[in-house]
Structures are given as C-alpha cells and as structure tokens.
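Participant: Okay, here's the structure, questions in a sec.
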Amino acid sequence: MKLSEISYYQTGGTCDLLTSPGSVQELADLMSRIHADQTPYFLLGAGSNSLVMDDHWPGIVVMFDQLKGLTTIDHQVIAEAGVSNTQLAEHCLVPGLSGAEWMYYLPGQLGATVRMNARCYGGEISGIVKTVTTVTQDGQIRQYDNKGIFLGYKDTIFMTNREVVASVVLTLKPGEPEEIRKQMDTCRKDREQKHQFVHPSCGCVFKNDYTAGVPSGLLLDKAGVREFSTDQVEISPWHANFLFNRGASARQILETALNMREAVYEMFGVWLAFEMEILGSVPKDLKTRLLESREPQLHESEIAPLRILFLSNQ
Ligand SMILES: Cc1cc2nc3c(=O)[nH]c(=O)nc-3n(C[C@H](O)[C@H](O)[C@H](O)COP(=O)(O)OP(=O)(O)OC[C@H]3O[C@@H](n4cnc5c(N)ncnc54)[C@H](O)[C@@H]3O)c2cc1C
C-alpha cells in the first residue's frame, strides 16, 4: 500500500512496515523496539500538516488509528492521540462542554495538534490541555502538566525532544449546547467559505513571520507566487499560503513550496519558516534547498504598505 492512499495530502510512497499500536503500552513497547534496533521511523497522524515523500521509506511508519479512546469525567475529557479534532469537538458538544469549538473541522488528530500547539478562531490547544502523556524515543511513558511544554506560536517541546504524544487530559468549561453548536458551525462555514476543502492540502505551508508584521499569505500573494501553479500543483486562488494537490508528486509540491519561499525572500527579504512537515526520504537536491537558512533583510519600503493594507482589513 502507498502512503498516498491514507495521508490527507495524498502523497507518499511505500514503506517497510505500517503499524498502529492498540494501547499506550503497545506504543511504548514499539518505540522501545525501534530504539533498540535503530530502525528508521516516522509518525503519521492524519497527515493534514505533512508532505509524505514519494520514495520508498526503508523503515516503520507509526500511525494512531487504534488509539481513539475518548471519555469524559466531569469537565475533563481524556483523549488518545488518534482522536480527530472534529470528533473531539463533537464529543464535547453532547454534555455541554465549551472550549473545543474551534477544533471542529480543523483537519488532523489530537496527538499532532498538541505536538505543534495548533490554533485557530481564537482557540489554541495549549489553552485547554491539563496533562499530556508521552512516550519517549526509547519507549518510556512520561507525564507532563501544562507548564513548560507549550513554547508559544506553533511551538512545543515535543517538536524538539521528539516524544510521541499518546494521550491528553483536557479541561473544559460548562456551556450551553446550542451556543457551542453555533460556534462550531461558524468555524466549519468559515473554512468552507474560504474553499479550504476543495482539493487536498496541508493547510498553510508556511508559518506567519511576526517580525514582518504581515501574514505570510499576503506576502506570498504580493510576491506573485501563483505564477508557479501548474496542472498538478495549484496555489489556492483564495489563499496564497495553501498549495493544492491536484495529482502531484510530493517532489512537485516541495519544489513549488521552495520556489514560493525564494520569491518572498527576493521581494520582501523575509525567509519564511515551513509549517508543513516533511516526512520520509527527501531527495538530496531538494534537501539542500530545504535546509537552507537565510538572514532576514526586511525590505521596509515593500512591507510597510502591506502592513497598512493588512491592518485596514482587520
Ligand atoms: C484545510 C486545512 C486547514 C488547516 N487549518 C489549520 C489551522 O487553522 N490552524 C492550525 O494550527 N493548523 C491547521 N491545519 C494543519 C493541521 O490541521 C494541524 O496541524 C493538525 O494538528 C495536524 O494533525 P495531523 O494528525 O494531520 O498531523 P500530521 O500531518 O499527521 O503530523 C504532523 C506532525 O506531527 C507528527 N505527529 C503525528 N502524530 C503525532 C503524535 N501523536 N505525537 C507526536 N508527533 C506526532 C508527525 O510526525 C508530523 O511531524 C490545517 C490543515 C488543513 C489541511
């Protein structure tokens, strides 16, 4: 089976072994074996923030489809890593628990959502997490409380220590189901109106760069990146930070993204950071370009009018 058949972005080649542990202990045992055998591996949630590369992956891909436990005790929800964001929001609606409305129709699973501190519509996962259970790379089970794990905008300690998020306890507040439903529907409708689901994507390819003070989508738009669109890879007509897969290989998508980053640097002197995660084997020529880092050299005369434009549209 090709990973393109299961990854949200519909890219990815084959792998040696695709596995889904059935419990946190099984996940820990698996990580311990992977560590002992030094087997290459990567983690794949729903794949909605990832570009899985085309070449065969000579190792293990760990998925979370069997870690879907979801229970409520008073105002707390205990959820395993493979629970989808939408499923979690729907689960909270029934007993009238508020705080997860923003997760409705946010693609992906809770494990990855915690790992990257996902956010939207005024919500951020750091705001409702009470504790996180992880599995270390060598298979130990660890527990964290909320303090010290979230490092700000789309950043957590798990992105560097590479621990696997296994389950999470969330604290919510009592709310009116009708009001919760309304807010969930507002989030869904907004995404649909922005045409986010017309073709597979991984959401925003690049993070916002707050030193520039202008969203990356606007920088990309004004840098004219849509000229890079082809029949297979389309830069969304509605949001220049979204790259649609219309039958492309991962290589084609990554090359387009690298060209987009280059164009923004040329015009604005901003070196955008990838939000899209690259999983699997990256061809050598692209790896060199991917790992390249450039000092910001903000072209103030080009950026200042965009700041005004952005603020006037707020
Ligand atoms: C249409 C669209 C809109 C989006 N809008 C937003 C938005 O508004 N805000 C936002 O923040 N994001 C947005 N995203 C991105 C995406 O929804 C989130 O990043 C989501 O949390 C990804 O979950 P996933 O399971 O698909 O992660 P994946 O893509 O599978 O994985 C992402 C990374 O996490 C790692 N990983 C996966 N599972 C685990 C785990 N259990 N423990 C540790 N690491 C793990 C993977 O190895 C990879 O490095 C959007 C995506 C799409 C397609």
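Each chain in the structure tokens gets a letter, A, B and so on, in the order shown; residues start at 1 in every chain, and ligands are counted from 1 in the order they appear.
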Counting only C-alpha atoms and all ligand atoms, what are the residues of chain A within 6 Å of ligand 1, and for each of them which pair of atoms is the nearest and at what distance in Å, to one decimal? Sort the table by chain and rising number, as JSON lines.

Facilitator:
```
{"residue": "A:Phe42", "atom": "CA", "partner": "ligand 1", "partner_atom_place_in_ligand_line": "47 (O)", "distance": 5.6}
{"residue": "A:Leu43", "atom": "CA", "partner": "ligand 1", "partner_atom_place_in_ligand_line": "47 (O)", "distance": 3.9}
{"residue": "A:Leu44", "atom": "CA", "partner": "ligand 1", "partner_atom_place_in_ligand_line": "30 (O)", "distance": 4.2}
{"residue": "A:Gly45", "atom": "CA", "partner": "ligand 1", "partner_atom_place_in_ligand_line": "30 (O)", "distance": 3.2}
{"residue": "A:Ala46", "atom": "CA", "partner": "ligand 1", "partner_atom_place_in_ligand_line": "26 (O)", "distance": 3.7}
{"residue": "A:Gly47", "atom": "CA", "partner": "ligand 1", "partner_atom_place_in_ligand_line": "30 (O)", "distance": 3.3}
{"residue": "A:Ser48", "atom": "CA", "partner": "ligand 1", "partner_atom_place_in_ligand_line": "26 (O)", "distance": 3.4}
{"residue": "A:Asn49", "atom": "CA", "partner": "ligand 1", "partner_atom_place_in_ligand_line": "29 (O)", "distance": 3.5}
{"residue": "A:Ser50", "atom": "CA", "partner": "ligand 1", "partner_atom_place_in_ligand_line": "29 (O)", "distance": 4.0}
{"residue": "A:Ala81", "atom": "CA", "partner": "ligand 1", "partner_atom_place_in_ligand_line": "41 (N)", "distance": 5.0}
{"residue": "A:Leu106", "atom": "CA", "partner": "ligand 1", "partner_atom_place_in_ligand_line": "17 (O)", "distance": 5.1}
{"residue": "A:Pro107", "atom": "CA", "partner": "ligand 1", "partner_atom_place_in_ligand_line": "17 (O)", "distance": 4.1}
{"residue": "A:Gly108", "atom": "CA", "partner": "ligand 1", "partner_atom_place_in_ligand_line": "23 (O)", "distance": 3.3}
{"residue": "A:Gln109", "atom": "CA", "partner": "ligand 1", "partner_atom_place_in_ligand_line": "25 (O)", "distance": 3.8}
{"residue": "A:Gly111", "atom": "CA", "partner": "ligand 1", "partner_atom_place_in_ligand_line": "41 (N)", "distance": 3.6}
{"residue": "A:Ala112", "atom": "CA", "partner": "ligand 1", "partner_atom_place_in_ligand_line": "38 (N)", "distance": 4.2}
{"residue": "A:Thr113", "atom": "CA", "partner": "ligand 1", "partner_atom_place_in_ligand_line": "21 (O)", "distance": 3.3}
{"residue": "A:Arg115", "atom": "CA", "partner": "ligand 1", "partner_atom_place_in_ligand_line": "43 (C)", "distance": 5.3}
{"residue": "A:Ala118", "atom": "CA", "partner": "ligand 1", "partner_atom_place_in_ligand_line": "11 (O)", "distance": 3.4}
{"residue": "A:Arg119", "atom": "CA", "partner": "ligand 1", "partner_atom_place_in_ligand_line": "11 (O)", "distance": 4.2}
{"residue": "A:Cys120", "atom": "CA", "partner": "ligand 1", "partner_atom_place_in_ligand_line": "8 (O)", "distance": 4.5}
{"residue": "A:Val164", "atom": "CA", "partner": "ligand 1", "partner_atom_place_in_ligand_line": "42 (N)", "distance": 3.8}
{"residue": "A:Val165", "atom": "CA", "partner": "ligand 1", "partner_atom_place_in_ligand_line": "42 (N)", "distance": 3.7}
{"residue": "A:Ala166", "atom": "CA", "partner": "ligand 1", "partner_atom_place_in_ligand_line": "41 (N)", "distance": 5.6}
{"residue": "A:Gln196", "atom": "CA", "partner": "ligand 1", "partner_atom_place_in_ligand_line": "1 (C)", "distance": 4.7}
{"residue": "A:Phe197", "atom": "CA", "partner": "ligand 1", "partner_atom_place_in_ligand_line": "1 (C)", "distance": 5.6}
{"residue": "A:Ser201", "atom": "CA", "partner": "ligand 1", "partner_atom_place_in_ligand_line": "53 (C)", "distance": 4.9}
{"residue": "A:Cys202", "atom": "CA", "partner": "ligand 1", "partner_atom_place_in_ligand_line": "53 (C)", "distance": 3.9}
{"residue": "A:Gly203", "atom": "CA", "partner": "ligand 1", "partner_atom_place_in_ligand_line": "52 (C)", "distance": 3.5}
{"residue": "A:Glu277", "atom": "CA", "partner": "ligand 1", "partner_atom_place_in_ligand_line": "49 (O)", "distance": 5.2}
```

Participant: Which residues of range 143-206 of chain A come within 10 Å of range 216-223 of chain A, and what is each one's closest atom pair and distance in Å (one decimal), counting only C-alpha atoms, sorted by chain and residue number, as JSON lines?

Facilitator:
```
{"residue": "A:Cys204", "atom": "CA", "partner": "A:Gly217", "partner_atom": "CA", "distance": 8.2}
{"residue": "A:Val205", "atom": "CA", "partner": "A:Ser216", "partner_atom": "CA", "distance": 9.3}
{"residue": "A:Phe206", "atom": "CA", "partner": "A:Ser216", "partner_atom": "CA", "distance": 6.8}
```

Participant: Would you compute the distance between CA of Val77 in chain A and CA of Val168 in chain A? Give it in Å to one decimal.

Facilitator: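 Separating CA of Val77 in chain A from CA of Val168 in chain A is a distance of 8.1 Å.
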
Participant: List as a Markdown table every residue of range 45-105 of chain A that is in contact with range 9-16 of chain A, defined as an atom at most 6 Å from one of its atoms (using only C-alpha atoms), together with the nearest atom pair and the distance in Å rounded to one decimal, sorted by chain and then rising number.

Facilitator:
```
| residue | atom | partner | partner_atom | distance |
| --- | --- | --- | --- | --- |
| A:Val52 | CA | A:Gly12 | CA | 4.6 |
| A:Met53 | CA | A:Gly12 | CA | 4.9 |
| A:Asp54 | CA | A:Gly13 | CA | 4.5 |
| A:Asp55 | CA | A:Gly13 | CA | 5.3 |
| A:His56 | CA | A:Thr14 | CA | 4.8 |
| A:Trp57 | CA | A:Cys15 | CA | 4.4 |
| A:Pro58 | CA | A:Asp16 | CA | 5.5 |
| A:Gly59 | CA | A:Asp16 | CA | 5.1 |
| A:Ile60 | CA | A:Asp16 | CA | 6.0 |
```

Participant: Kindly give the distance, in Å, that separates CA of Leu172 in chain A and CA of Gly152 in chain A, rounded to a single decimal.

Facilitator: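 Answer for the CA of Leu172 in chain A to CA of Gly152 in chain A separation: 20.6 Å.
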
Participant: Can you pull out every residue within 9 Å of Leu93 in chain A, counting only C-alpha atoms, but drop anything in the same chain fewer than 2 positions away, and send it as a list in words?

Facilitator: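 Everything that qualifies: Leu88, Ala89, Glu90, His91, Pro95, Gly96, Leu97, Ser98, Ala100, Glu101, Gly175, Glu176, Pro177, Glu178, Ile180 and Arg181 of chain A.
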
Participant: Which one of A:Val135, A:Met184, A:Ser249, A:Thr171 sits closest to Gln87 in chain A if you count only C-alpha atoms?

Facilitator: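 Of A:Val135, A:Met184, A:Ser249, A:Thr171, the one nearest Gln87 in chain A, counting only C-alpha atoms, is A:Met184.
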
Participant: May I ask for the distance between CA of Asn85 in chain A and CA of Ile128 in chain A, given in Å to one decimal place?

Facilitator: 13.0 Å

Participant: Apply DSSP to the structure's backbone, then extract all residues of range 30-179 of chain A labelled alpha helix (DSSP H) and return them as a count of residues only.

Facilitator: 30

Participant: Please provide the set of residues having any atom within 9 Å of Ile141 in chain A, restricted to only C-alpha atoms, with same-chain residues fewer than 5 positions apart removed, written as a compact mmCIF listing (two decimals) with N, CA and C atoms, in the first residue's frame.

Facilitator:
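Written out: result_15.txt:
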```
# COMPACT_ATOMS: atom_id res chain seq x y z
N VAL A 24 -1.41 2.57 24.80
CA VAL A 24 -0.22 3.39 25.11
C VAL A 24 0.95 2.46 25.43
N GLN A 25 0.66 1.36 26.13
CA GLN A 25 1.73 0.41 26.46
C GLN A 25 2.31 -0.22 25.18
N ALA A 28 4.56 2.21 23.63
CA ALA A 28 5.83 2.27 24.35
C ALA A 28 6.71 1.07 23.98
N THR A 133 0.34 12.74 28.22
CA THR A 133 1.14 11.53 28.39
C THR A 133 1.89 11.29 27.09
N THR A 134 3.20 11.11 27.20
CA THR A 134 4.00 10.88 26.00
C THR A 134 4.76 9.57 26.13
N VAL A 135 5.32 9.16 25.00
CA VAL A 135 6.27 8.03 25.00
C VAL A 135 7.58 8.58 24.44
N THR A 136 8.66 8.36 25.16
CA THR A 136 9.96 8.88 24.71
C THR A 136 10.45 8.02 23.55
N ALA A 166 0.79 10.57 23.35
CA ALA A 166 -0.01 9.34 23.38
C ALA A 166 -1.43 9.60 23.82
```

Participant: Write out as a short mmCIF file (atom, residue, chain, number, x, y, z; two decimals) with N, CA, C and O atoms, in the first residue's frame all residues of range 31-115 of chain A that backbone DSSP assigns to strand (DSSP E or B).

Facilitator:
```cif
data_model
loop_
_atom_site.label_atom_id
_atom_site.label_comp_id
_atom_site.auth_asym_id
_atom_site.auth_seq_id
_atom_site.Cartn_x
_atom_site.Cartn_y
_atom_site.Cartn_z
N TYR A 41 12.13 5.53 11.51
CA TYR A 41 10.67 5.59 11.65
C TYR A 41 10.20 7.02 11.51
O TYR A 41 10.99 7.95 11.67
N PHE A 42 8.94 7.18 11.21
CA PHE A 42 8.30 8.48 11.43
C PHE A 42 6.86 8.27 11.86
O PHE A 42 6.30 7.18 11.69
N LEU A 43 6.30 9.32 12.46
CA LEU A 43 4.93 9.27 12.97
C LEU A 43 4.01 9.91 11.95
O LEU A 43 4.32 10.96 11.41
N LEU A 44 2.88 9.29 11.71
CA LEU A 44 1.90 9.88 10.80
C LEU A 44 0.54 9.90 11.48
O LEU A 44 -0.01 8.84 11.81
N SER A 50 1.33 17.50 6.76
CA SER A 50 2.57 16.83 6.34
C SER A 50 2.58 16.53 4.85
O SER A 50 1.55 16.23 4.25
N LEU A 51 3.80 16.59 4.33
CA LEU A 51 4.04 16.13 2.97
C LEU A 51 4.86 14.86 3.08
O LEU A 51 6.01 14.90 3.52
N VAL A 52 4.24 13.72 2.74
CA VAL A 52 4.97 12.46 2.81
C VAL A 52 5.65 12.26 1.45
O VAL A 52 5.01 12.33 0.40
N TRP A 57 10.05 4.26 1.90
CA TRP A 57 10.64 4.57 3.20
C TRP A 57 11.17 3.27 3.80
O TRP A 57 10.39 2.36 4.12
N PRO A 58 12.50 3.18 3.95
CA PRO A 58 13.07 1.92 4.42
C PRO A 58 12.98 1.79 5.94
O PRO A 58 13.98 1.69 6.63
N GLY A 59 11.77 1.80 6.45
CA GLY A 59 11.60 1.75 7.90
C GLY A 59 10.12 1.67 8.24
O GLY A 59 9.29 1.28 7.42
N ILE A 60 9.82 2.09 9.50
CA ILE A 60 8.47 1.93 10.05
C ILE A 60 7.72 3.26 9.98
O ILE A 60 8.31 4.32 10.19
N VAL A 61 6.43 3.19 9.72
CA VAL A 61 5.57 4.36 9.86
C VAL A 61 4.56 4.03 10.98
O VAL A 61 3.85 3.02 10.91
N VAL A 62 4.55 4.87 12.01
CA VAL A 62 3.67 4.63 13.16
C VAL A 62 2.43 5.49 13.02
O VAL A 62 2.52 6.72 12.89
N MET A 63 1.27 4.83 13.06
CA MET A 63 0.01 5.57 12.96
C MET A 63 -0.78 5.42 14.27
O MET A 63 -0.42 4.64 15.14
N LEU A 70 -11.78 7.89 24.18
CA LEU A 70 -12.34 9.22 24.42
C LEU A 70 -13.36 9.12 25.55
O LEU A 70 -14.42 8.51 25.37
N THR A 71 -13.05 9.67 26.71
CA THR A 71 -14.01 9.60 27.83
C THR A 71 -14.11 10.95 28.54
O THR A 71 -13.18 11.76 28.47
N THR A 72 -15.22 11.13 29.23
CA THR A 72 -15.44 12.39 29.95
C THR A 72 -15.63 12.10 31.43
O THR A 72 -16.39 11.19 31.79
N ILE A 73 -14.95 12.86 32.27
CA ILE A 73 -15.21 12.80 33.71
C ILE A 73 -15.41 14.25 34.18
O ILE A 73 -14.48 15.05 34.10
N GLN A 76 -13.68 17.21 32.48
CA GLN A 76 -12.43 16.82 31.83
C GLN A 76 -12.66 15.74 30.78
O GLN A 76 -13.45 14.83 30.98
N VAL A 77 -11.94 15.88 29.69
CA VAL A 77 -12.01 14.88 28.63
C VAL A 77 -10.65 14.22 28.52
O VAL A 77 -9.63 14.91 28.46
N ILE A 78 -10.66 12.89 28.51
CA ILE A 78 -9.41 12.14 28.35
C ILE A 78 -9.43 11.56 26.95
O ILE A 78 -10.35 10.80 26.60
N ALA A 79 -8.46 11.95 26.15
CA ALA A 79 -8.50 11.54 24.73
C ALA A 79 -7.14 11.00 24.31
O ALA A 79 -6.11 11.56 24.67
N GLU A 80 -7.19 9.95 23.49
CA GLU A 80 -5.94 9.39 22.98
C GLU A 80 -5.54 10.11 21.68
O GLU A 80 -6.35 10.79 21.04
N SER A 84 -9.77 12.41 16.27
CA SER A 84 -9.68 13.57 15.36
C SER A 84 -10.17 14.82 16.08
O SER A 84 -10.96 14.75 17.02
N LEU A 97 -19.90 20.89 27.02
CA LEU A 97 -18.59 21.35 27.47
C LEU A 97 -18.02 22.30 26.42
O LEU A 97 -17.92 21.97 25.24
N SER A 98 -17.63 23.49 26.90
CA SER A 98 -17.16 24.53 25.99
C SER A 98 -15.63 24.67 26.07
O SER A 98 -15.04 24.45 27.12
N GLN A 109 -5.43 14.99 13.84
CA GLN A 109 -5.65 14.27 15.10
C GLN A 109 -5.05 15.03 16.28
O GLN A 109 -4.10 15.80 16.12
#
```

Participant: Measuring atom to atom with only C-alpha atoms, identify which of A:Arg191, A:Tyr144, A:Leu27, A:Val83 is nearest to Trp102 in chain A.

Facilitator: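 With only C-alpha atoms as the atom set, the closest residue is A:Arg191.
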
Participant: With only C-alpha atoms as the basis for distance, which of A:Asn245, A:Thr256, A:Gln314, A:Thr86 is at the shortest distance from Arg226 in chain A?

Facilitator: A:Thr256

Participant: Out of A:His75, A:Arg307, A:Arg33, A:Lys189, which residue has the shortest atom-to-atom distance to Tyr210 in chain A when counting only C-alpha atoms?

Facilitator: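 Once distances to Tyr210 in chain A are computed over only C-alpha atoms, the minimum belongs to A:Arg307.
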
Participant: Select, from A:Lys207, A:Glu163, A:Trp271, A:Phe64, the residue with the minimum atom-to-atom distance to Gly139 in chain A, counting only C-alpha atoms.

Facilitator: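 With only C-alpha atoms as the atom set, the closest residue is A:Glu163.
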